[in-house]
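Enquirer: Structure incoming, see below.
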Amino acid sequence: MMQTTYDEAILNRIVNFIKSIQIDVIPTRLNDDTFLPGLHLKGQAILIDKSKLKYPGDLLHEAGHIAVTVAQERSKIGTSEMEKSWPCMGDEIAAILWSYAALHHLNLNPDVVFHPNGYKDASNWFIEQFTSEVYMGLPLLVWMEFCDTETFPKMKKWLR
């Protein structure tokens, strides 16, 4: 069953995890012009407007973007200093797989992140791939030293 309703308990688990890996989650009021409802990235922080948030799992994907960005570039996220091409396709793929590893770590169902209104109608495909242990992007996470091929989705670290 796909989760489509806001779940405060899941949100709290996700927020606590993200904070534990040194990514800030800052409650604030956001305009409606954010890429994802109720979320905006700023440096090594996720700004969250809980009144506009639709899918708590989107926090994990956004945390993945911060996590896979090299440390010296993170402070530029959400500013005009960041390259217009950020995130590149490799970073997007790495963030998607990183968020799957985070789901696994938190013992959450894949549909928390890969909900039916995300990933350009490919959510079910991602769930099928990852639950079948077909890990698109795994060489990237190994190269970034997040994990080992043999033990994924267990991670050695959460920030690049």
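Identifiers in the structure tokens: chain A, B, ... in order shown; residue index from 1 per chain; ligand index from 1 in order shown.
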When you look at A:Asp91 with a cut-off of 12 Å (counting only C-alpha atoms), what residues show up, excluding the ones that are within fewer than 6 positions of it in the same chain? I need them as a VMD selection string.

Expert: chain A and resid 61 to 70 85 97 to 99 137 to 138 140 to 141 144 160

Enquirer: If we count only C-alpha atoms, what is near A:Leu59 at a cut-off of 8 Å, once residues fewer than 5 positions away on the same chain are taken out, given as a PyMOL selection string?

Expert: chain A and resi 14-15+39+46

Enquirer: Hey, what does DSSP flag as helix (DSSP H, G or I) within stretch 96-155 of chain A? Can you give it to me as an mmCIF file with C-alpha atoms, in the first residue's frame?

Expert:
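Final file, part_27.cif:
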data_model
loop_
_atom_site.group_PDB
_atom_site.id
_atom_site.type_symbol
_atom_site.label_atom_id
_atom_site.label_comp_id
_atom_site.auth_asym_id
_atom_site.auth_seq_id
_atom_site.Cartn_x
_atom_site.Cartn_y
_atom_site.Cartn_z
ATOM 1 C CA ILE A 96 18.256 8.469 -5.110
ATOM 2 C CA LEU A 97 20.263 5.425 -4.040
ATOM 3 C CA TRP A 98 21.494 7.223 -0.891
ATOM 4 C CA SER A 99 17.857 7.818 0.080
ATOM 5 C CA TYR A 100 17.134 4.111 -0.410
ATOM 6 C CA ALA A 101 20.014 3.266 1.937
ATOM 7 C CA ALA A 102 18.601 5.740 4.464
ATOM 8 C CA LEU A 103 15.164 4.089 4.196
ATOM 9 C CA HIS A 104 16.792 0.741 4.829
ATOM 10 C CA HIS A 105 18.728 2.146 7.811
ATOM 11 C CA LEU A 106 15.511 3.586 9.285
ATOM 12 C CA PRO A 110 10.383 2.238 0.144
ATOM 13 C CA ASP A 111 7.144 4.045 -0.710
ATOM 14 C CA VAL A 112 7.939 6.609 1.998
ATOM 15 C CA TYR A 119 10.169 10.548 -9.622
ATOM 16 C CA LYS A 120 8.284 11.320 -12.839
ATOM 17 C CA ASP A 121 6.026 8.272 -12.487
ATOM 18 C CA SER A 123 8.549 5.363 -8.251
ATOM 19 C CA ASN A 124 7.347 1.785 -8.684
ATOM 20 C CA TRP A 125 10.272 1.083 -10.999
ATOM 21 C CA PHE A 126 12.761 2.323 -8.388
ATOM 22 C CA ILE A 127 11.087 0.223 -5.698
ATOM 23 C CA GLU A 128 11.171 -2.874 -7.929
ATOM 24 C CA GLN A 129 14.820 -2.331 -8.813
ATOM 25 C CA PHE A 130 16.073 -1.651 -5.294
ATOM 26 C CA THR A 131 14.048 -4.352 -3.558
ATOM 27 C CA LEU A 138 26.048 1.810 -6.618
ATOM 28 C CA PRO A 139 29.464 2.337 -8.261
ATOM 29 C CA LEU A 140 29.033 6.070 -7.593
ATOM 30 C CA LEU A 141 28.315 5.556 -3.885
ATOM 31 C CA VAL A 142 31.282 3.171 -3.641
ATOM 32 C CA TRP A 143 33.510 5.689 -5.451
#

Enquirer: Env of A:Gln44: 8 Å cut, atoms = only C-alpha atoms, seq-sep filter 6 positions within chain, self excluded. Answer as a ChimeraX atom specification.

Expert: /A:23-24,66,74-75,77

Enquirer: Please give the complete set of residues from chain A that DSSP, run on the backbone, assigns to strand (DSSP E), formatted as a list in words.

Expert: Asp24, Val25, Ile26, Pro27, Leu39, His40, Leu41, Lys42, Ala45, Ile46, Leu47 and Ile48 of chain A

Enquirer: What's the separation between atom CA of A:Ala94 and atom CA of A:Asn31, in Å to one decimal place?

Expert: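 Going from atom CA of A:Ala94 over to atom CA of A:Asn31 covers 27.9 Å.
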
Enquirer: Please provide the set of residues having any atom within 9 Å of A:Thr79, restricted to only C-alpha atoms, with same-chain residues fewer than 3 positions apart removed, written as JSON, numbers by chain.

Expert: {"A": [42, 43, 75, 76, 82]}

Enquirer: Using only C-alpha atoms, determine which residues lie at most 8 Å from A:Pro56, disregarding the query and same-chain residues fewer than 6 positions distant; provide the list as a JSON list (two decimals) with C-alpha atoms, in the first residue's frame.

Expert:
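Saved result, result.json, follows:
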[["chain", "number", "residue", "atom", "x", "y", "z"],
["A", 6, "TYR", "CA", 1.32, 12.99, 6.12],
["A", 7, "ASP", "CA", 2.70, 10.88, 8.97],
["A", 10, "ILE", "CA", 7.70, 9.02, 10.20],
["A", 11, "LEU", "CA", 8.57, 12.68, 9.75],
["A", 14, "ILE", "CA", 13.46, 11.12, 9.35],
["A", 112, "VAL", "CA", 7.94, 6.61, 2.00],
["A", 113, "VAL", "CA", 10.47, 8.15, -0.40]]

Enquirer: In Å, rounded to a single decimal, give me how far atom CA of A:Asn12 is from atom CA of A:Leu30.

Expert: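 These atoms are spaced 19.4 Å apart.
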
Enquirer: What separation in Å, quoted to one decimal, exists between atom CA of A:Glu145 and atom CA of A:His40?

Expert: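 Between these atoms lies a distance of 26.5 Å.
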